[in-house]
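Pasting structure07.tsv here (TSV, C-alpha atoms and all ligand atoms):
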```tsv
chain	number	residue	atom	x	y	z
A	1	MET	CA	-43.24	-96.26	45.40
A	2	SER	CA	-41.29	-96.31	48.57
A	3	ARG	CA	-42.17	-94.28	51.61
A	4	PRO	CA	-39.42	-91.68	51.07
A	5	ILE	CA	-40.91	-90.77	47.71
A	6	LYS	CA	-44.35	-90.22	49.17
A	7	LYS	CA	-42.88	-88.13	51.95
A	8	THR	CA	-40.97	-86.02	49.53
A	9	ALA	CA	-43.93	-85.78	47.20
A	10	LYS	CA	-45.62	-83.90	49.97
A	11	PHE	CA	-42.55	-81.74	50.33
A	12	VAL	CA	-42.52	-80.94	46.64
A	13	SER	CA	-46.21	-80.30	46.67
A	14	ILE	CA	-45.71	-77.76	49.43
A	15	ALA	CA	-42.75	-76.29	47.64
A	16	ALA	CA	-44.76	-76.12	44.45
A	17	LEU	CA	-47.53	-74.31	46.28
A	18	GLY	CA	-45.01	-71.78	47.39
A	19	VAL	CA	-43.86	-71.37	43.84
A	20	LEU	CA	-47.43	-71.07	42.66
A	21	ALA	CA	-47.96	-68.29	45.14
A	22	LEU	CA	-44.78	-66.74	43.86
A	23	VAL	CA	-45.87	-66.67	40.24
A	24	GLY	CA	-49.46	-65.90	41.10
A	25	CYS	CA	-50.92	-69.06	39.56
A	26	THR	CA	-53.90	-71.04	40.78
A	27	GLN	CA	-55.59	-74.15	39.52
A	28	GLN	CA	-57.70	-71.84	37.39
A	29	PRO	CA	-56.11	-70.47	34.25
A	30	PRO	CA	-54.64	-67.27	35.59
A	31	THR	CA	-55.17	-63.97	33.95
A	32	ALA	CA	-53.44	-61.58	36.29
A	33	THR	CA	-50.17	-59.84	35.83
A	34	VAL	CA	-47.65	-61.36	38.20
A	35	GLU	CA	-45.74	-59.14	40.56
A	36	PRO	CA	-46.67	-55.90	38.87
A	37	SER	CA	-43.86	-53.55	39.56
A	38	THR	CA	-42.51	-50.25	38.52
A	39	SER	CA	-38.95	-51.39	39.08
A	40	VAL	CA	-37.39	-52.98	36.02
A	41	THR	CA	-39.16	-53.82	32.80
A	42	THR	CA	-37.54	-55.70	29.96
A	43	GLN	CA	-37.60	-52.55	27.83
A	44	GLU	CA	-35.90	-50.58	30.55
A	45	VAL	CA	-33.34	-53.29	30.99
A	46	SER	CA	-32.56	-53.42	27.29
A	47	GLN	CA	-31.85	-49.71	27.40
A	48	GLU	CA	-29.43	-50.08	30.29
A	49	THR	CA	-26.55	-50.88	28.02
A	50	SER	CA	-24.06	-49.63	30.56
A	51	SER	CA	-24.82	-52.48	32.96
A	52	PRO	CA	-22.78	-55.63	32.43
A	53	ASP	CA	-25.77	-57.70	33.63
A	54	ALA	CA	-28.35	-56.02	31.37
A	55	VAL	CA	-28.45	-58.75	28.74
A	56	THR	CA	-28.50	-61.53	31.32
A	57	LEU	CA	-31.26	-59.82	33.29
A	58	LYS	CA	-33.34	-59.28	30.16
A	59	ASN	CA	-32.96	-62.96	29.29
A	60	LEU	CA	-33.80	-64.05	32.83
A	61	GLN	CA	-36.98	-61.99	32.78
A	62	ALA	CA	-37.97	-63.44	29.40
A	63	ALA	CA	-37.33	-66.96	30.69
A	64	TYR	CA	-39.22	-66.25	33.92
A	65	ASN	CA	-42.18	-64.99	31.90
A	66	GLY	CA	-42.02	-68.01	29.61
A	67	GLU	CA	-41.83	-70.55	32.41
A	68	SER	CA	-44.62	-68.88	34.37
A	69	ASN	CA	-46.89	-68.96	31.33
A	70	ALA	CA	-45.93	-72.55	30.51
A	71	HIS	CA	-46.85	-73.52	34.07
A	72	ALA	CA	-50.31	-71.94	33.71
A	73	ARG	CA	-50.79	-73.35	30.21
A	74	TYR	CA	-49.94	-76.92	31.22
A	75	LEU	CA	-52.33	-76.85	34.18
A	76	ALA	CA	-55.09	-75.78	31.80
A	77	PHE	CA	-54.06	-78.49	29.32
A	78	ALA	CA	-54.10	-81.07	32.15
A	79	LYS	CA	-57.70	-80.20	32.97
A	80	LYS	CA	-58.67	-80.54	29.34
A	81	ALA	CA	-56.92	-83.92	29.09
A	82	GLU	CA	-58.87	-85.13	32.11
A	83	THR	CA	-62.18	-84.11	30.58
A	84	GLU	CA	-61.26	-85.95	27.38
A	85	GLY	CA	-60.36	-89.12	29.30
A	86	TYR	CA	-56.60	-88.86	28.85
A	87	GLN	CA	-55.60	-89.28	32.49
A	88	GLN	CA	-52.02	-90.24	31.67
A	89	VAL	CA	-51.56	-87.18	29.50
A	90	ALA	CA	-53.06	-85.08	32.29
A	91	ARG	CA	-50.41	-86.40	34.70
A	92	LEU	CA	-47.68	-85.55	32.20
A	93	PHE	CA	-48.98	-81.99	31.87
A	94	GLN	CA	-49.14	-81.72	35.66
A	95	ALA	CA	-45.58	-82.99	36.03
A	96	ALA	CA	-44.30	-80.54	33.42
A	97	ALA	CA	-46.25	-77.73	35.09
A	98	GLN	CA	-44.46	-78.50	38.36
A	99	ALA	CA	-41.12	-78.44	36.57
A	100	GLU	CA	-41.84	-75.10	34.91
A	101	ALA	CA	-42.76	-73.62	38.31
A	102	ILE	CA	-39.40	-74.80	39.65
A	103	HIS	CA	-37.63	-73.21	36.69
A	104	ALA	CA	-39.52	-69.97	37.26
A	105	ALA	CA	-38.50	-69.96	40.92
A	106	ASN	CA	-34.87	-70.65	40.03
A	107	HIS	CA	-34.85	-67.85	37.46
A	108	ALA	CA	-36.53	-65.52	39.97
A	109	ALA	CA	-33.82	-66.16	42.54
A	110	VAL	CA	-31.11	-65.07	40.09
A	111	ILE	CA	-33.14	-62.04	39.02
A	112	ARG	CA	-33.37	-60.95	42.65
A	113	LYS	CA	-29.64	-61.42	43.11
A	114	LEU	CA	-29.20	-58.94	40.27
A	115	GLY	CA	-31.32	-56.46	42.22
A	116	ALA	CA	-34.48	-56.69	40.12
A	117	LYS	CA	-37.99	-58.04	40.62
A	118	PRO	CA	-39.18	-61.04	38.63
A	119	GLU	CA	-42.00	-60.03	36.30
A	120	ALA	CA	-44.36	-62.13	34.28
A	121	THR	CA	-47.62	-61.41	32.55
A	122	ILE	CA	-49.75	-64.52	32.66
A	123	GLU	CA	-51.87	-64.83	29.56
A	124	THR	CA	-55.07	-66.85	29.53
A	125	PRO	CA	-54.11	-70.16	27.90
A	126	GLU	CA	-55.79	-71.04	24.61
A	127	VAL	CA	-57.02	-74.55	25.23
A	128	LYS	CA	-57.82	-76.76	22.25
A	129	SER	CA	-58.10	-80.54	21.94
A	130	THR	CA	-55.54	-82.59	23.83
A	131	ARG	CA	-53.85	-83.59	20.59
A	132	GLU	CA	-53.55	-79.93	19.56
A	133	ASN	CA	-52.44	-78.98	23.07
A	134	LEU	CA	-49.67	-81.58	22.86
A	135	GLU	CA	-48.58	-80.16	19.51
A	136	GLU	CA	-48.42	-76.67	20.98
A	137	ALA	CA	-46.49	-77.97	23.97
A	138	ILE	CA	-43.99	-79.74	21.69
A	139	ASN	CA	-43.49	-76.54	19.70
A	140	GLY	CA	-42.90	-74.51	22.84
A	141	GLU	CA	-40.50	-76.98	24.41
A	142	SER	CA	-38.61	-77.40	21.14
A	143	TYR	CA	-38.15	-73.65	20.78
A	144	GLU	CA	-36.80	-73.39	24.32
A	145	ARG	CA	-34.56	-76.44	23.84
A	146	ASP	CA	-33.15	-75.53	20.43
A	147	THR	CA	-33.18	-71.73	20.30
A	148	MET	CA	-34.03	-69.75	23.41
A	149	TYR	CA	-32.04	-71.43	26.16
A	150	PRO	CA	-28.93	-72.16	24.06
A	151	GLU	CA	-28.76	-68.45	23.22
A	152	PHE	CA	-29.36	-67.40	26.81
A	153	ILE	CA	-26.73	-69.84	28.08
A	154	GLU	CA	-24.15	-68.60	25.59
A	155	GLN	CA	-24.81	-64.96	26.47
A	156	ALA	CA	-24.67	-65.68	30.21
A	157	LYS	CA	-21.34	-67.43	29.71
A	158	GLN	CA	-20.01	-64.43	27.80
A	159	LYS	CA	-21.08	-62.18	30.67
A	160	GLY	CA	-19.61	-64.54	33.24
A	161	ASN	CA	-22.85	-65.04	35.18
A	162	GLN	CA	-22.50	-68.63	36.33
A	163	GLU	CA	-25.76	-68.66	38.28
A	164	ALA	CA	-27.66	-67.64	35.16
A	165	VAL	CA	-25.84	-70.31	33.18
A	166	GLN	CA	-26.91	-72.89	35.75
A	167	THR	CA	-30.58	-71.95	35.96
A	168	PHE	CA	-30.86	-71.82	32.15
A	169	THR	CA	-29.06	-75.17	31.87
A	170	TYR	CA	-31.35	-76.83	34.42
A	171	ALA	CA	-34.33	-75.60	32.41
A	172	VAL	CA	-33.12	-76.68	29.00
A	173	GLN	CA	-32.38	-80.17	30.25
A	174	ALA	CA	-35.89	-80.57	31.63
A	175	GLU	CA	-37.49	-79.07	28.50
A	176	THR	CA	-35.68	-81.70	26.46
A	177	GLU	CA	-37.36	-84.44	28.51
A	178	HIS	CA	-40.73	-82.69	28.28
A	179	ALA	CA	-40.52	-82.51	24.49
A	180	LYS	CA	-39.66	-86.22	24.42
A	181	TYR	CA	-42.62	-87.23	26.59
A	182	TYR	CA	-45.06	-84.94	24.81
A	183	THR	CA	-44.02	-86.46	21.49
A	184	GLN	CA	-44.50	-89.98	22.87
A	185	ALA	CA	-47.95	-88.99	24.12
A	186	LYS	CA	-49.01	-87.43	20.81
A	187	ASP	CA	-47.78	-90.41	18.80
A	188	ASN	CA	-49.52	-92.93	21.10
A	189	LEU	CA	-52.46	-90.91	22.29
A	190	GLU	CA	-55.05	-93.68	22.44
A	191	ASP	CA	-52.62	-96.16	24.01
A	192	TRP	CA	-51.87	-93.60	26.70
A	193	LYS	CA	-55.51	-93.77	27.80
A	194	ASP	CA	-54.74	-97.07	29.52
A	195	ALA	CA	-51.15	-96.28	30.52
A	196	LYS	CA	-50.16	-96.25	34.19
A	197	MET	CA	-46.97	-94.24	33.99
A	198	VAL	CA	-45.86	-92.33	37.08
A	199	PHE	CA	-43.84	-89.15	36.67
A	200	TYR	CA	-41.30	-87.76	39.11
A	201	VAL	CA	-39.93	-84.22	39.25
A	202	CYS	CA	-36.63	-83.10	40.73
A	203	PRO	CA	-37.34	-80.38	43.31
A	204	GLU	CA	-34.08	-78.61	42.51
A	205	CYS	CA	-33.85	-78.51	38.71
A	206	GLY	CA	-37.23	-79.71	37.47
A	207	PHE	CA	-35.83	-82.77	35.70
A	208	THR	CA	-38.86	-84.87	34.80
A	209	THR	CA	-38.80	-88.64	34.38
A	210	ASN	CA	-40.88	-91.79	34.64
A	211	ASN	CA	-37.87	-93.93	35.44
A	212	LEU	CA	-35.99	-93.52	38.72
A	213	ASN	CA	-33.08	-95.66	37.58
A	214	PHE	CA	-30.50	-93.45	39.30
A	215	GLU	CA	-29.38	-92.58	42.81
A	216	ASN	CA	-28.96	-88.88	42.11
A	217	CYS	CA	-30.59	-86.55	39.62
A	218	PRO	CA	-28.62	-86.87	36.39
A	219	GLU	CA	-28.80	-83.11	35.89
A	220	CYS	CA	-28.20	-81.57	39.31
A	221	GLY	CA	-27.25	-84.40	41.69
A	222	THR	CA	-30.25	-84.15	44.02
A	223	ALA	CA	-30.93	-87.44	45.81
A	224	GLN	CA	-33.48	-89.59	44.02
A	225	ASN	CA	-35.62	-90.02	47.13
A	226	LEU	CA	-36.27	-86.27	47.13
A	227	PHE	CA	-38.04	-86.43	43.79
A	228	GLY	CA	-41.74	-85.65	43.94
A	229	GLU	CA	-44.24	-88.16	42.60
A	230	VAL	CA	-46.99	-86.74	40.41
A	231	VAL	CA	-50.27	-88.52	41.10
A	301	FE	FE	-41.01	-77.84	29.85
A	302	FE	FE	-32.29	-82.24	39.39
```

Step by step, read the file and then write its structure as structure tokens.
Ligand SMILES: [Fe+2]
Ligand SMILES: [Fe+2]
Amino acid sequence: MSRPIKKTAKFVSIAALGVLALVGCTQQPPTATVEPSTSVTTQEVSQETSSPDAVTLKNLQAAYNGESNAHARYLAFAKKAETEGYQQVARLFQAAAQAEAIHAANHAAVIRKLGAKPEATIETPEVKSTRENLEEAINGESYERDTMYPEFIEQAKQKGNQEAVQTFTYAVQAETEHAKYYTQAKDNLEDWKDAKMVFYVCPECGFTTNNLNFENCPECGTAQNLFGEVV
């Protein structure tokens, strides 16, 4: 790719490292509780019915937890794909992991604006075969695309929290692309062994693509040359 992409890939890589530090993830499957805090738990939030932001905050925390775990899970799945010789699938998992870290960081920023601390409990990923891992990834992305985020977006709209609407919308758009690519990979697993697809991730919204046929991110408008290349 062009020089700007490689430059920005470094930028995204650094940004991703920052996000990783934020969510407490490493290249190893993490097991620690992220940002343990005595401030606001989801149970406490759900009981704060007097707060107009309680529902939105509860949903943001759930989404932050989900994205943080998806990030850790996909890094573990990428390692497994590499050991099984599926390098292309490994790059897809790595690209999606970057996107989930961006979603987690976006959710965290809104949580902090509501005066709470982002909280996630990172569970040790259950790693199976790459085919099974792809199936699990498809199920997770499909749930977020079809059920979780549409509900969260609707509730955030009802509460008038536009920033929550935006961060949820950025996520659901990227999850839709992830589900599409994971399905392609599962359906063409052996062909993907020889594939040379390059994935790019929007540093702002996590939109993930293998085709930079646009000047600006179709979801958030970020300039195409700021997309990070996953190698
Ligand atoms: Fe995703
Ligand atoms: Fe974007």

_Considering only C-alpha atoms, can you say which of A:Ala109, A:Ala62, A:Ala54, A:Ala137 comes closest to Tyr181 in chain A?_
A:Ala137

*For a cut-off of 8 Å around (-45.1, -74.0, 27.3), file coordinates, pick out all residues using all atoms listed in the file and list them as number ranges by chain.*
A: 66-67, 69-71, 73-74, 136-137, 140-141

*Contacts of Ala171 in chain A at 10 Å (only C-alpha atoms; same-chain gap of 3+ positions) as an MDAnalysis selection string*: chainID A and resid 63 67 99:100 102:104 106:107 144:145 149 166:168 174:176 205:207 219

Hey, can you pull every residue with an atom no more than 12 Å from (-26.7, -86.1, 38.7), using all atoms listed in the file, and send it as a compact mmCIF listing (two decimals) with C-alpha atoms, in the coordinates of the input?
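Okay, result-v1.txt is ready:
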```txt
# COMPACT_ATOMS: atom_id res chain seq x y z
CA TYR A 170 -31.35 -76.83 34.42
CA GLN A 173 -32.38 -80.17 30.25
CA CYS A 202 -36.63 -83.10 40.73
CA GLU A 204 -34.08 -78.61 42.51
CA CYS A 205 -33.85 -78.51 38.71
CA PHE A 207 -35.83 -82.77 35.70
CA LEU A 212 -35.99 -93.52 38.72
CA ASN A 213 -33.08 -95.66 37.58
CA PHE A 214 -30.50 -93.45 39.30
CA GLU A 215 -29.38 -92.58 42.81
CA ASN A 216 -28.96 -88.88 42.11
CA CYS A 217 -30.59 -86.55 39.62
CA PRO A 218 -28.62 -86.87 36.39
CA GLU A 219 -28.80 -83.11 35.89
CA CYS A 220 -28.20 -81.57 39.31
CA GLY A 221 -27.25 -84.40 41.69
CA THR A 222 -30.25 -84.15 44.02
CA ALA A 223 -30.93 -87.44 45.81
CA GLN A 224 -33.48 -89.59 44.02
```

_To one decimal place in Å, what is the distance between atom FE of ligand FE 301 (chain A) and CA of His178 in chain A?_
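For atom FE of ligand FE 301 (chain A) relative to CA of His178 in chain A, the distance reads 5.1 Å.
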
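Near Asp191 in chain A, within 12 Å and counting only C-alpha atoms, sit Gly85, Tyr86, Gln87, Gln88, Val89, Gln184, Ala185 and Met197 of chain A, not including residues fewer than 6 positions from it in the same chain.
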
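The nearest approach to ligand FE 301 (chain A) among the residues A:Lys186, A:Lys157, A:Lys80, A:Lys180, with all atoms listed in the file taken into account, belongs to A:Lys180.
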
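Considering the residues A:Pro125, A:Gly115, A:Gly228, A:Pro150 and counting all atoms listed in the file, ligand FE 302 (chain A) has its shortest atom-to-atom contact with A:Gly228.
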
*Residue nearest Ile111 in chain A - candidates A:Asn188, A:Thr183, A:Ser142, A:Gln61, atoms counted: all atoms listed in the file*: A:Gln61

*When distances are computed from all atoms listed in the file, which of A:Glu126, A:Val110, A:Ala76, A:Gln158 shows the smallest separation from Gln94 in chain A?*
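Of A:Glu126, A:Val110, A:Ala76, A:Gln158, the one nearest Gln94 in chain A, counting all atoms listed in the file, is A:Ala76.
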
_When you count only C-alpha atoms and all ligand atoms, which of these residues is closest to ligand FE 301 (chain A): A:Glu151, A:Glu229, A:Glu119, A:Glu177?_
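Smallest distance to ligand FE 301 (chain A) is found for A:Glu177.
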
*Take CA of Glu84 in chain A and CA of Asn210 in chain A and report the distance between them in Å, one decimal.*
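Atom-to-atom, CA of Glu84 in chain A and CA of Asn210 in chain A are spaced 22.4 Å apart.
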
*Quick one, how far is CA of Thr208 in chain A from CA of Ser129 in chain A?*
23.5 Å

Where is the centre and how long are the edges: axis-aligned box on range 148-152 of chain A, 4 Å on each side, Å to one decimal, as AutoDock Vina command-line options:
```
--center_x -31.4 --center_y -69.8 --center_z 25.0 --size_x 13.3 --size_y 12.8 --size_z 11.6
```

Once all heavy atoms are restored for range 142-153 of chain A, what would the output be as an mmCIF file, in the coordinates of the input?
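Output (out33.cif):
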```cif
data_model
loop_
_atom_site.group_PDB
_atom_site.id
_atom_site.type_symbol
_atom_site.label_atom_id
_atom_site.label_comp_id
_atom_site.auth_asym_id
_atom_site.auth_seq_id
_atom_site.Cartn_x
_atom_site.Cartn_y
_atom_site.Cartn_z
ATOM 1 N N SER A 142 -39.665 -77.294 22.152
ATOM 2 C CA SER A 142 -38.610 -77.400 21.140
ATOM 3 C C SER A 142 -37.929 -76.050 20.915
ATOM 4 O O SER A 142 -36.703 -75.985 20.756
ATOM 5 C CB SER A 142 -39.200 -77.917 19.815
ATOM 6 O OG SER A 142 -39.782 -79.189 20.014
ATOM 7 N N TYR A 143 -38.729 -74.992 20.921
ATOM 8 C CA TYR A 143 -38.150 -73.650 20.780
ATOM 9 C C TYR A 143 -37.211 -73.344 21.947
ATOM 10 O O TYR A 143 -36.092 -72.854 21.750
ATOM 11 C CB TYR A 143 -39.269 -72.601 20.714
ATOM 12 C CG TYR A 143 -38.766 -71.193 20.920
ATOM 13 C CD1 TYR A 143 -38.017 -70.551 19.937
ATOM 14 C CD2 TYR A 143 -39.020 -70.514 22.118
ATOM 15 C CE1 TYR A 143 -37.538 -69.264 20.136
ATOM 16 C CE2 TYR A 143 -38.540 -69.236 22.326
ATOM 17 C CZ TYR A 143 -37.803 -68.612 21.331
ATOM 18 O OH TYR A 143 -37.316 -67.348 21.542
ATOM 19 N N GLU A 144 -37.659 -73.657 23.155
ATOM 20 C CA GLU A 144 -36.800 -73.390 24.320
ATOM 21 C C GLU A 144 -35.534 -74.241 24.288
ATOM 22 O O GLU A 144 -34.453 -73.786 24.633
ATOM 23 C CB GLU A 144 -37.590 -73.641 25.608
ATOM 24 C CG GLU A 144 -38.710 -72.637 25.822
ATOM 25 C CD GLU A 144 -39.444 -72.863 27.134
ATOM 26 O OE1 GLU A 144 -39.166 -73.858 27.831
ATOM 27 O OE2 GLU A 144 -40.308 -72.028 27.461
ATOM 28 N N ARG A 145 -35.694 -75.496 23.880
ATOM 29 C CA ARG A 145 -34.560 -76.440 23.840
ATOM 30 C C ARG A 145 -33.545 -76.073 22.756
ATOM 31 O O ARG A 145 -32.335 -76.106 23.001
ATOM 32 C CB ARG A 145 -35.103 -77.852 23.588
ATOM 33 C CG ARG A 145 -34.032 -78.933 23.457
ATOM 34 C CD ARG A 145 -34.626 -80.189 22.843
ATOM 35 N NE ARG A 145 -35.118 -79.935 21.498
ATOM 36 C CZ ARG A 145 -35.999 -80.707 20.855
ATOM 37 N NH1 ARG A 145 -36.491 -81.785 21.433
ATOM 38 N NH2 ARG A 145 -36.400 -80.385 19.628
ATOM 39 N N ASP A 146 -34.043 -75.687 21.583
ATOM 40 C CA ASP A 146 -33.150 -75.530 20.430
ATOM 41 C C ASP A 146 -32.689 -74.093 20.204
ATOM 42 O O ASP A 146 -31.656 -73.872 19.573
ATOM 43 C CB ASP A 146 -33.857 -76.019 19.153
ATOM 44 C CG ASP A 146 -34.242 -77.484 19.241
ATOM 45 O OD1 ASP A 146 -33.586 -78.221 19.998
ATOM 46 O OD2 ASP A 146 -35.209 -77.876 18.561
ATOM 47 N N THR A 147 -33.472 -73.132 20.651
ATOM 48 C CA THR A 147 -33.180 -71.730 20.300
ATOM 49 C C THR A 147 -32.987 -70.860 21.543
ATOM 50 O O THR A 147 -31.907 -70.300 21.767
ATOM 51 C CB THR A 147 -34.320 -71.159 19.440
ATOM 52 O OG1 THR A 147 -34.483 -71.976 18.282
ATOM 53 C CG2 THR A 147 -34.004 -69.726 19.024
ATOM 54 N N MET A 148 -34.049 -70.741 22.340
ATOM 55 C CA MET A 148 -34.030 -69.750 23.410
ATOM 56 C C MET A 148 -32.941 -70.018 24.451
ATOM 57 O O MET A 148 -32.064 -69.168 24.679
ATOM 58 C CB MET A 148 -35.397 -69.694 24.107
ATOM 59 C CG MET A 148 -35.513 -68.546 25.103
ATOM 60 S SD MET A 148 -37.091 -68.534 25.992
ATOM 61 C CE MET A 148 -36.697 -69.619 27.363
ATOM 62 N N TYR A 149 -32.995 -71.183 25.075
ATOM 63 C CA TYR A 149 -32.040 -71.430 26.160
ATOM 64 C C TYR A 149 -30.598 -71.542 25.674
ATOM 65 O O TYR A 149 -29.683 -71.033 26.350
ATOM 66 C CB TYR A 149 -32.458 -72.629 27.005
ATOM 67 C CG TYR A 149 -33.506 -72.269 28.041
ATOM 68 C CD1 TYR A 149 -34.724 -72.915 28.081
ATOM 69 C CD2 TYR A 149 -33.272 -71.260 28.964
ATOM 70 C CE1 TYR A 149 -35.687 -72.578 29.036
ATOM 71 C CE2 TYR A 149 -34.223 -70.907 29.905
ATOM 72 C CZ TYR A 149 -35.437 -71.573 29.940
ATOM 73 O OH TYR A 149 -36.384 -71.217 30.883
ATOM 74 N N PRO A 150 -30.334 -72.172 24.523
ATOM 75 C CA PRO A 150 -28.930 -72.160 24.060
ATOM 76 C C PRO A 150 -28.373 -70.749 23.883
ATOM 77 O O PRO A 150 -27.210 -70.488 24.221
ATOM 78 C CB PRO A 150 -29.015 -72.931 22.726
ATOM 79 C CG PRO A 150 -30.164 -73.865 22.917
ATOM 80 C CD PRO A 150 -31.169 -73.078 23.710
ATOM 81 N N GLU A 151 -29.206 -69.834 23.368
ATOM 82 C CA GLU A 151 -28.760 -68.450 23.220
ATOM 83 C C GLU A 151 -28.533 -67.790 24.573
ATOM 84 O O GLU A 151 -27.530 -67.084 24.778
ATOM 85 C CB GLU A 151 -29.788 -67.645 22.397
ATOM 86 C CG GLU A 151 -29.830 -68.030 20.933
ATOM 87 C CD GLU A 151 -30.883 -67.255 20.149
ATOM 88 O OE1 GLU A 151 -31.555 -66.358 20.740
ATOM 89 O OE2 GLU A 151 -31.036 -67.554 18.953
ATOM 90 N N PHE A 152 -29.475 -68.012 25.478
ATOM 91 C CA PHE A 152 -29.360 -67.400 26.810
ATOM 92 C C PHE A 152 -28.120 -67.940 27.539
ATOM 93 O O PHE A 152 -27.422 -67.188 28.240
ATOM 94 C CB PHE A 152 -30.609 -67.683 27.636
ATOM 95 C CG PHE A 152 -31.835 -66.914 27.204
ATOM 96 C CD1 PHE A 152 -33.046 -67.077 27.869
ATOM 97 C CD2 PHE A 152 -31.789 -66.017 26.142
ATOM 98 C CE1 PHE A 152 -34.176 -66.364 27.487
ATOM 99 C CE2 PHE A 152 -32.913 -65.307 25.742
ATOM 100 C CZ PHE A 152 -34.110 -65.487 26.425
ATOM 101 N N ILE A 153 -27.889 -69.234 27.405
ATOM 102 C CA ILE A 153 -26.730 -69.840 28.080
ATOM 103 C C ILE A 153 -25.437 -69.260 27.517
ATOM 104 O O ILE A 153 -24.518 -68.894 28.277
ATOM 105 C CB ILE A 153 -26.760 -71.379 27.910
ATOM 106 C CG1 ILE A 153 -27.919 -71.965 28.731
ATOM 107 C CG2 ILE A 153 -25.433 -72.000 28.311
ATOM 108 C CD1 ILE A 153 -28.232 -73.415 28.409
#
```
